Each structure stands twice: as C-alpha cells, then as structure tokens.
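*Asks:* You'll find model18.txt just under this line, and it carries compact mmCIF, C-alpha atoms and all ligand atoms.
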```txt
# COMPACT_ATOMS: atom_id res chain seq x y z
CA MET A 54 0.00 0.00 0.00
CA ARG A 55 1.38 3.41 -0.99
CA ARG A 56 1.99 6.04 1.65
CA GLY A 57 -0.81 8.53 1.91
CA GLN A 58 -3.37 6.19 0.51
CA ILE A 59 -6.48 6.03 2.65
CA ARG A 60 -7.46 2.62 3.89
CA PHE A 61 -10.72 2.14 5.66
CA PHE A 62 -10.95 -0.57 8.19
CA SER A 63 -13.95 -1.79 10.03
CA LEU A 64 -14.99 -4.88 11.81
CA VAL A 65 -16.27 -7.20 9.18
CA ALA A 66 -19.19 -9.33 10.14
CA VAL A 67 -18.91 -12.83 8.88
CA LEU A 68 -21.15 -15.80 8.87
CA CYS A 69 -19.42 -19.08 9.68
CA PHE A 70 -22.20 -21.52 9.20
CA LEU A 71 -21.59 -24.95 10.61
CA ALA A 72 -21.56 -27.73 8.06
CA ALA A 73 -21.49 -25.10 5.38
CA ALA A 74 -19.93 -26.63 2.32
CA LEU A 75 -21.81 -29.28 0.45
CA SER A 76 -19.44 -29.50 -2.45
CA SER A 77 -15.71 -29.47 -2.83
CA PRO A 78 -14.16 -26.37 -4.41
CA LEU A 79 -11.81 -28.47 -6.55
CA ILE A 80 -11.29 -26.98 -9.98
CA ASP A 81 -12.61 -29.21 -12.71
CA ASN A 82 -11.71 -28.04 -16.21
CA THR A 83 -13.58 -30.74 -18.10
CA GLN A 84 -16.65 -29.65 -20.06
CA GLN A 85 -18.77 -31.38 -17.45
CA GLY A 86 -17.02 -29.47 -14.69
CA VAL A 87 -17.43 -26.14 -16.47
CA ASP A 88 -21.13 -26.86 -17.07
CA ALA A 89 -21.60 -27.77 -13.42
CA GLN A 90 -19.90 -24.53 -12.37
CA ALA A 91 -22.14 -22.49 -14.64
CA ALA A 92 -25.22 -24.26 -13.26
CA ARG A 93 -24.07 -23.50 -9.70
CA ALA A 94 -23.54 -19.84 -10.57
CA ARG A 95 -27.04 -19.62 -12.08
CA LYS A 96 -28.55 -21.24 -8.99
CA ALA A 97 -26.68 -18.85 -6.69
CA GLN A 98 -27.88 -15.86 -8.71
CA ALA A 99 -31.47 -17.10 -8.63
CA GLU A 100 -31.32 -17.61 -4.85
CA VAL A 101 -29.87 -14.15 -4.30
CA ARG A 102 -32.55 -12.59 -6.52
CA ALA A 103 -35.26 -14.42 -4.59
CA ALA A 104 -33.79 -13.25 -1.29
CA ILE A 105 -33.70 -9.62 -2.43
CA GLU A 106 -37.34 -9.84 -3.56
CA LEU A 107 -38.28 -11.40 -0.24
CA LEU A 108 -36.44 -8.68 1.66
CA ASN A 109 -38.03 -5.89 -0.36
CA SER A 110 -41.48 -7.42 0.15
CA GLN A 111 -41.03 -6.99 3.91
CA ILE A 112 -38.67 -4.07 4.52
CA ALA A 113 -39.71 -0.48 3.89
CA TRP A 114 -36.22 0.95 3.37
CA PRO A 115 -35.60 4.43 4.72
CA LYS A 116 -35.18 6.94 1.88
CA ASP A 117 -31.61 7.74 2.88
CA ALA A 118 -30.53 4.11 3.26
CA PRO A 119 -27.13 3.87 1.60
CA SER A 120 -26.85 1.42 -1.25
CA VAL A 121 -24.65 -1.60 -0.81
CA SER A 122 -22.65 -3.39 -3.44
CA LEU A 123 -23.22 -7.10 -3.57
CA GLU A 124 -20.82 -9.68 -4.83
CA ILE A 125 -21.46 -13.37 -5.28
CA GLY A 126 -18.39 -15.52 -5.43
CA ASP A 127 -15.33 -16.91 -3.79
CA LEU A 128 -15.08 -16.70 -0.04
CA PRO A 129 -13.04 -18.93 2.22
CA ASP A 130 -14.68 -22.31 2.82
CA SER A 131 -15.78 -21.54 6.37
CA VAL A 132 -17.41 -18.23 5.42
CA ASN A 133 -20.79 -17.99 3.73
CA GLY A 134 -21.09 -14.25 3.65
CA GLN A 135 -19.79 -10.98 4.98
CA TYR A 136 -20.80 -7.35 5.27
CA ASN A 137 -18.31 -4.51 5.46
CA SER A 138 -19.89 -1.39 6.96
CA ALA A 139 -17.03 0.93 6.00
CA LEU A 140 -17.09 0.04 2.32
CA GLN A 141 -20.82 -0.78 2.13
CA GLN A 142 -20.01 -4.11 0.58
CA MET A 143 -21.84 -7.36 0.95
CA HIS A 144 -20.39 -10.60 -0.24
CA VAL A 145 -22.04 -14.01 -0.33
CA THR A 146 -20.52 -17.27 -1.41
CA GLY A 147 -21.36 -18.92 -4.72
CA ARG A 148 -21.02 -22.36 -3.13
CA PRO A 149 -24.12 -24.33 -2.30
CA VAL A 150 -24.94 -23.75 1.37
CA GLU A 151 -27.42 -25.20 3.82
CA PRO A 152 -30.20 -24.46 4.33
CA SER A 153 -30.12 -21.87 1.57
CA LEU A 154 -28.14 -18.98 0.14
CA GLN A 155 -31.34 -16.98 0.60
CA LEU A 156 -30.92 -17.19 4.37
CA THR A 157 -27.28 -16.12 4.03
CA LEU A 158 -28.30 -12.98 2.18
CA LEU A 159 -31.05 -12.14 4.70
CA HIS A 160 -28.47 -12.68 7.45
CA GLU A 161 -26.01 -10.23 5.86
CA ALA A 162 -28.85 -7.75 5.37
CA GLY A 163 -29.40 -8.10 9.13
CA HIS A 164 -25.80 -6.96 9.73
CA TYR A 165 -26.39 -4.01 7.40
CA PHE A 166 -29.53 -3.12 9.37
CA ASP A 167 -27.62 -3.35 12.66
CA MET A 168 -24.50 -1.43 11.67
CA LYS A 169 -26.04 1.11 9.33
CA ILE A 170 -29.81 1.66 9.42
CA MET A 171 -30.33 1.13 13.16
CA ALA A 172 -26.97 2.64 14.10
CA ASP A 173 -27.96 5.85 12.27
CA ALA A 174 -31.39 5.87 13.92
CA PHE A 175 -30.62 4.72 17.46
CA LEU A 176 -27.00 5.51 18.30
CA PRO A 177 -25.96 9.05 19.25
CA LYS A 178 -23.63 9.83 16.35
CA PRO A 179 -21.03 8.03 14.31
CA LEU A 180 -17.74 7.60 16.12
CA PRO A 181 -15.02 9.80 14.67
CA LEU A 182 -12.59 8.30 12.19
CA LEU A 183 -9.20 7.56 13.67
CA SER A 184 -6.26 8.71 11.63
CA LEU A 185 -3.05 6.79 12.00
CA PRO A 186 0.40 7.56 10.62
CA GLY A 187 0.86 6.43 7.05
CA GLY A 188 -2.52 7.72 5.87
CA ILE A 189 -4.42 4.84 7.41
CA THR A 190 -7.92 5.69 8.57
CA LEU A 191 -9.72 3.45 10.98
CA MET A 192 -13.49 3.52 10.91
CA PRO A 193 -14.85 2.09 14.16
CA ALA A 194 -17.75 -0.26 13.61
CA GLN A 195 -20.93 0.45 15.57
CA PHE A 196 -23.36 -2.23 16.59
CA SER A 197 -26.79 -1.06 17.67
CA SER A 198 -27.49 -4.69 18.62
CA ARG A 199 -24.93 -4.26 21.43
CA GLU A 200 -25.58 -0.69 22.45
CA ALA A 201 -29.00 0.70 21.54
CA LYS A 202 -31.49 0.99 24.37
CA GLU A 203 -34.22 0.47 21.76
CA LEU A 204 -32.97 -3.12 21.48
CA GLN A 205 -32.94 -3.87 25.17
CA ALA A 206 -36.16 -5.92 25.10
CA TRP A 207 -34.83 -7.83 22.10
CA ARG A 208 -31.56 -8.62 23.92
CA LYS A 209 -33.58 -9.83 26.91
CA ALA A 210 -35.69 -12.12 24.73
CA VAL A 211 -32.59 -13.54 23.03
CA ARG A 212 -30.88 -14.24 26.34
CA ALA A 213 -34.00 -15.96 27.67
CA SER A 214 -34.27 -18.21 24.60
CA LYS A 215 -33.38 -21.89 24.85
CA LEU A 216 -30.93 -21.46 21.98
CA TYR A 217 -28.85 -18.83 23.75
CA GLN A 218 -29.13 -20.52 27.15
CA SER A 219 -28.06 -23.87 25.86
CA LEU A 220 -25.13 -22.52 23.81
CA ARG A 221 -23.86 -20.38 26.67
CA GLY A 222 -24.56 -23.22 29.08
CA MET A 223 -22.05 -25.36 27.20
CA LEU A 224 -19.38 -22.86 28.18
CA THR A 225 -20.38 -22.37 31.78
CA ASN A 226 -22.16 -25.31 33.37
CA GLY A 227 -19.45 -27.89 32.92
CA LYS A 228 -22.05 -30.62 32.30
CA THR A 229 -22.32 -30.35 28.54
CA PRO A 230 -19.02 -28.87 27.38
CA PRO A 231 -18.91 -27.85 23.73
CA PRO A 232 -17.41 -30.24 21.21
CA SER A 233 -13.69 -29.57 21.03
CA GLY A 234 -12.68 -26.44 19.19
CA LEU A 235 -16.15 -24.92 19.28
CA THR A 236 -15.73 -22.54 22.20
CA HIS A 237 -14.79 -19.68 19.89
CA PHE A 238 -17.68 -20.48 17.57
CA ILE A 239 -20.16 -20.40 20.46
CA LEU A 240 -18.89 -17.04 21.69
CA TYR A 241 -19.16 -15.69 18.14
CA VAL A 242 -22.66 -17.06 17.49
CA THR A 243 -24.02 -15.75 20.81
CA SER A 244 -22.60 -12.24 20.31
CA ASP A 245 -25.30 -9.59 20.05
CA GLU A 246 -24.50 -8.82 16.42
CA GLU A 247 -24.72 -12.45 15.33
CA MET A 248 -27.91 -13.04 17.32
CA TRP A 249 -29.40 -9.96 15.64
CA ALA A 250 -28.44 -11.03 12.09
CA ARG A 251 -29.79 -14.51 12.72
CA SER A 252 -33.04 -13.40 14.35
CA PHE A 253 -33.56 -10.77 11.64
CA ALA A 254 -33.11 -13.36 8.88
CA GLN A 255 -35.43 -15.90 10.50
CA THR A 256 -38.06 -13.24 11.25
CA ILE A 257 -38.09 -11.86 7.72
CA ALA A 258 -38.32 -15.38 6.27
CA ALA A 259 -41.21 -16.28 8.59
CA ARG A 260 -43.13 -13.02 8.11
CA SER A 261 -42.93 -13.33 4.33
CA GLY A 262 -44.63 -16.72 4.45
CA SER A 263 -41.80 -18.05 2.29
CA ALA A 264 -40.93 -21.75 2.23
CA LEU A 265 -37.50 -20.63 3.42
CA SER A 266 -38.86 -20.35 6.95
CA GLN A 267 -39.87 -24.01 7.25
CA GLN A 268 -36.75 -25.04 5.36
CA THR A 269 -34.69 -23.25 8.04
CA PHE A 270 -36.57 -24.85 10.94
CA ASP A 271 -36.13 -28.28 9.28
CA PHE A 272 -32.42 -27.63 8.93
CA VAL A 273 -32.02 -26.42 12.51
CA LYS A 274 -33.86 -29.21 14.33
CA PRO A 275 -31.33 -32.05 13.96
CA ARG A 276 -28.40 -29.64 14.37
CA TRP A 277 -29.70 -27.64 17.34
CA PRO A 278 -28.22 -25.75 19.11
CA LEU A 279 -25.01 -25.58 17.11
CA ALA A 280 -26.77 -24.51 13.92
CA GLY A 281 -27.07 -21.16 15.68
CA TYR A 282 -30.69 -20.52 14.66
CA TRP A 283 -33.86 -21.02 16.67
CA ASN A 284 -36.26 -23.95 16.73
CA ALA A 285 -39.89 -23.12 16.00
CA ASP A 286 -41.00 -23.59 19.63
CA ASP A 287 -38.34 -21.18 20.90
CA PHE A 288 -38.44 -18.41 18.32
CA GLY A 289 -41.73 -16.58 18.97
CA PRO A 290 -40.64 -14.15 21.74
CA VAL A 291 -37.41 -13.25 19.89
CA SER A 292 -39.21 -12.73 16.60
CA ASP A 293 -41.86 -10.58 18.31
CA GLU A 294 -39.12 -8.26 19.55
CA VAL A 295 -37.46 -8.03 16.13
CA ILE A 296 -40.82 -7.04 14.68
CA LYS A 297 -41.42 -4.44 17.42
CA VAL A 298 -38.04 -2.82 16.71
CA LEU A 299 -38.67 -2.76 12.96
CA GLU A 300 -42.22 -1.45 13.37
CA SER A 301 -41.11 1.29 15.77
CA ARG A 302 -39.55 3.22 12.89
CA GLY A 303 -41.87 2.13 10.10
CA TRP A 304 -39.29 -0.23 8.58
CA LEU A 305 -41.82 -2.96 7.83
CA HIS A 306 -44.39 -3.03 5.07
CA PRO A 307 -47.84 -3.85 6.43
CA LEU A 308 -48.60 -7.55 6.36
CA LYS A 309 -50.51 -8.59 3.29
CA LEU A 310 -53.34 -10.69 4.59
CA LYS A 311 -54.16 -13.60 2.37
CA THR A 312 -57.78 -13.39 1.31
CA SER A 313 -59.67 -16.59 1.53
CA ALA A 314 -62.36 -17.69 -0.88
CA ALA A 315 -64.41 -18.94 2.04
CA THR A 316 -66.42 -16.28 3.80
CA ASP A 317 -67.24 -16.46 7.41
CA ARG A 318 -71.00 -15.93 7.65
CA ASN A 319 -71.39 -16.23 11.39
ZN ZN B 401 -23.11 -12.92 10.67
```
Would it be possible to restate this file's structure as structure tokens?
Ligand SMILES: [Zn+2]

*Replies:*
Amino acid sequence: MRRGQIRFFSLVAVLCFLAAALSSPLIDNTQQGVDAQAARARKAQAEVRAAIELLNSQIAWPKDAPSVSLEIGDLPDSVNGQYNSALQQMHVTGRPVEPSLQLTLLHEAGHYFDMKIMADAFLPKPLPLLSLPGGITLMPAQFSSREAKELQAWRKAVRASKLYQSLRGMLTNGKTPPPSGLTHFILYVTSDEEMWARSFAQTIAARSGSALSQQTFDFVKPRWPLAGYWNADDFGPVSDEVIKVLESRGWLHPLKLKTSAATDRN
C-alpha cells in the first residue's frame, strides 16, 4: 500500500455456518465441470434474486438508506457471507450452502440493518474516524445490537431463549461442554450482532410466508443448538421483539393478509 493512501478498516461481520460446504471447491476443467460450475452460478444468482425480492417485500427501506454493493463468489470455505460497513459491501458465497443462500443474504442484510440503518437511527452519532500515521484511517464499527437501548427488550428475549441458554450453558455449566474447538464459535454465534443477524433473517423469512422459513426450521432441528438458529418452539418471543423494533420506525411493510375464498357468515 502506498503512503498517503487512505485505507478504511472496520470490523467485518462474517457468517461461519456450521456444516457449510456441500461440495468441494476443486477446480474441474472438463466440459462437465465447467457446465456444473455455470449451473451453480445460475442457482446462486437465482437464490440471491429471490432473497432480495423477499427482503423488499417486507422491509420499507428508509429513503436515505445507503446502497450496498453485492458480490457473489469466492469466499473462504468456512465463510458464507460478509458485510463490510465501511465500504458498504456485501459478499455471499457462490457455493451451495445449507439451508439456503437466501438465508445467508437475509443474514447479511441483518448486519447491514444493525450497523447502518439502526446505528444511524438509534446511536448518538457516528464515532469519529481515527487517523493513523501512514494515511491509514480506521473507521470504528458500531453495533446497535450491542448498544442501543431500543434493542434492550430484544436482547432480553434472546438471552432468555433456549438457543442462547443452551449454547452459553455449554461454556459455563461444565455438564455439557462444547465439542472440542467450538468454544470460539459459540462465543461468536451468541454475540449480540450475530444473534441480531440470525433473528432478523429468521423473522423476515417467517413473516414473508416463504418456504424458506420451514426449510430453516427443518435444517435447525437435527443440528440444534449448534446450527445457531432457533427452533420453531423457541423463536416466537425473539421474533416478536425483532418485529417491534422494525415497526417502531416504520421499517416494515404492512402484512398482506391472504384473502380466503371462504367467507365467514357467522
Ligand atoms: Zn453474521
């Protein structure tokens, strides 16, 4: 990096989904391999498009919401997506992921909501940039999920959920220690910013009535709690609080009630 060049740095939120990769990233230059790659890319694009439509069907974006660039493609194997709040960049993998790349995109949108939309609305003012010798500028990341008083009830609901309790319990109660090497993962998953991104994604999927919601619950059940998402019987109070936060600033489109052909004549 040249002297004097400005480099922005912020905490980058990443998603490290357990059991993420379904296929090996080996390069296959045969025609069959190239065709398979093209098919995967088309599938990834279709899933991302569907996720954006789903998001826009639910979220009423503030007029001044900054646009974010989105890239689909190579990320390290353990990472399904990331959002960089300094550069306004979102990146999701092109690999097949479970339960769906749609959930990954909703999850990253949750980080954007936390660090940008809600930070602008709920936190006092952006922290000043820190200038370091050599023209390096540090941009401190701000998480409303950690700090905003408007999210206090949501934090309480998360901490009372069986998911959070059982993950944290693995670290503290000594009875069910986490599988080896997973201590760091558990601390990461139960951080406020990860819990927000995950509860945002699951709430938006459920509220939209999309099949993604059930698909997520089906994925979580046999992998609970290490999948890091909520089971259906545990999610209600958390989801209610996500909705309250989003409704408090008019960030949700009204629910479209499905009209039924049958009329109640009572
Ligand atoms: Zn994340």

*Asks:* Taking into account all atoms listed in the file, which residue in the set A:Val145, A:Ala103, A:Ala94, A:Leu279 is nearest to ligand ZN 401 (chain B)?

*Replies:*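 Residue with the minimum atom-to-atom distance to ligand ZN 401 (chain B): A:Val145.
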
*Asks:* Report, as AutoDock Vina command-line options, the axis-aligned box around all atoms of stretch 238-242 of chain A present in the file, extended by 4 Å on each side; give centre and edge lengths in Å to one decimal place.

*Replies:*
```
--center_x -20.2 --center_y -18.1 --center_z 19.6 --size_x 13.0 --size_y 12.8 --size_z 12.2
```

*Asks:* With distances taken over only C-alpha atoms, which residue among A:Arg251, A:Arg148, A:Arg102, A:Lys228 lies nearest A:Ser198?

*Replies:*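 Closest candidate: A:Arg251.
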
*Asks:* Where does chain A meet ligand ZN 401 (chain B) within 12 Å, residue by residue, with the nearest atom pair and distance in Å to one decimal for each, counting all atoms listed in the file, listed by chain and rising number, as a tab-separated table?

*Replies:*
```
residue	atom	partner	partner_atom	distance
A:Leu64	CA	B:ZN401	ZN	11.5
A:Val65	CA	B:ZN401	ZN	9.0
A:Ala66	CA	B:ZN401	ZN	5.3
A:Val67	CA	B:ZN401	ZN	4.6
A:Leu68	CA	B:ZN401	ZN	3.9
A:Cys69	CA	B:ZN401	ZN	7.2
A:Phe70	CA	B:ZN401	ZN	8.8
A:Val132	CA	B:ZN401	ZN	9.4
A:Asn133	CA	B:ZN401	ZN	8.9
A:Gly134	CA	B:ZN401	ZN	7.4
A:Gln135	CA	B:ZN401	ZN	6.9
A:Tyr136	CA	B:ZN401	ZN	8.1
A:Asn137	CA	B:ZN401	ZN	11.0
A:Met143	CA	B:ZN401	ZN	11.3
A:His144	CA	B:ZN401	ZN	11.5
A:Val145	CA	B:ZN401	ZN	11.1
A:Leu156	CA	B:ZN401	ZN	10.9
A:Thr157	CA	B:ZN401	ZN	8.5
A:Leu158	CA	B:ZN401	ZN	10.0
A:Leu159	CA	B:ZN401	ZN	10.0
A:His160	CA	B:ZN401	ZN	6.3
A:Glu161	CA	B:ZN401	ZN	6.2
A:Ala162	CA	B:ZN401	ZN	9.4
A:Gly163	CA	B:ZN401	ZN	8.1
A:His164	CA	B:ZN401	ZN	6.6
A:Tyr165	CA	B:ZN401	ZN	10.0
A:Phe166	CA	B:ZN401	ZN	11.8
A:Asp167	CA	B:ZN401	ZN	10.8
A:Met168	CA	B:ZN401	ZN	11.6
A:Phe238	CA	B:ZN401	ZN	11.6
A:Tyr241	CA	B:ZN401	ZN	8.9
A:Val242	CA	B:ZN401	ZN	8.0
A:Thr243	CA	B:ZN401	ZN	10.6
A:Ser244	CA	B:ZN401	ZN	9.7
A:Asp245	CA	B:ZN401	ZN	10.2
A:Glu246	CA	B:ZN401	ZN	7.2
A:Glu247	CA	B:ZN401	ZN	5.0
A:Met248	CA	B:ZN401	ZN	8.2
A:Trp249	CA	B:ZN401	ZN	8.5
A:Ala250	CA	B:ZN401	ZN	5.8
A:Arg251	CA	B:ZN401	ZN	7.2
A:Ser252	CA	B:ZN401	ZN	10.6
A:Phe253	CA	B:ZN401	ZN	10.7
A:Ala254	CA	B:ZN401	ZN	10.2
A:Gly281	CA	B:ZN401	ZN	10.4
A:Tyr282	CA	B:ZN401	ZN	11.5
```

*Asks:* Please indicate the distance in Å from atom CA of A:Ser110 to atom CA of A:His306, rounded to one decimal place.

*Replies:*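 Straight-line distance from atom CA of A:Ser110 to atom CA of A:His306 works out to 7.2 Å.
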
*Asks:* Take atom CA of A:Ser301 and atom CA of A:Glu203 and report the distance between them in Å, one decimal.

*Replies:*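 Calculated distance between atom CA of A:Ser301 and atom CA of A:Glu203 is 9.2 Å.
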
*Asks:* Skip A:Lys96 itself and residues of its chain fewer than 6 positions away, then list as a CSV table (one decimal) with C-alpha atoms, in the coordinates of the input all residues within 12 Å of it, counting all atoms listed in the file.

*Replies:*
```csv
chain,number,residue,atom,x,y,z
A,89,ALA,CA,-21.6,-27.8,-13.4
A,90,GLN,CA,-19.9,-24.5,-12.4
A,102,ARG,CA,-32.6,-12.6,-6.5
A,103,ALA,CA,-35.3,-14.4,-4.6
A,125,ILE,CA,-21.5,-13.4,-5.3
A,146,THR,CA,-20.5,-17.3,-1.4
A,147,GLY,CA,-21.4,-18.9,-4.7
A,148,ARG,CA,-21.0,-22.4,-3.1
A,149,PRO,CA,-24.1,-24.3,-2.3
A,150,VAL,CA,-24.9,-23.8,1.4
A,153,SER,CA,-30.1,-21.9,1.6
A,154,LEU,CA,-28.1,-19.0,0.1
A,155,GLN,CA,-31.3,-17.0,0.6
```

*Asks:* Rounded to one decimal, what separation in Å do you get between atom CA of A:Gln142 and atom CA of A:Leu123?

*Replies:*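 A separation of 6.0 Å between them.
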
*Asks:* Kindly indicate which residue among A:Leu305, A:Leu240, A:Ala92, A:Leu235 lies nearest to A:Ile257, using only C-alpha atoms for the distances.

*Replies:*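 Nearest candidate to A:Ile257 out of A:Leu305, A:Leu240, A:Ala92, A:Leu235: A:Leu305.
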
*Asks:* Which residues are near stretch 216-221 of chain A? Cut-off 10 Å, all atoms listed in the file, ignore same chain within fewer than 2 positions. Put them as a count of residues only.

*Replies:* 30

*Asks:* Which of these, A:Lys309, A:Lys209, A:Arg302, A:Arg199, has the shortest distance to A:Ala113 once you count all atoms listed in the file?

*Replies:*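 Once distances to A:Ala113 are computed over all atoms listed in the file, the minimum belongs to A:Arg302.
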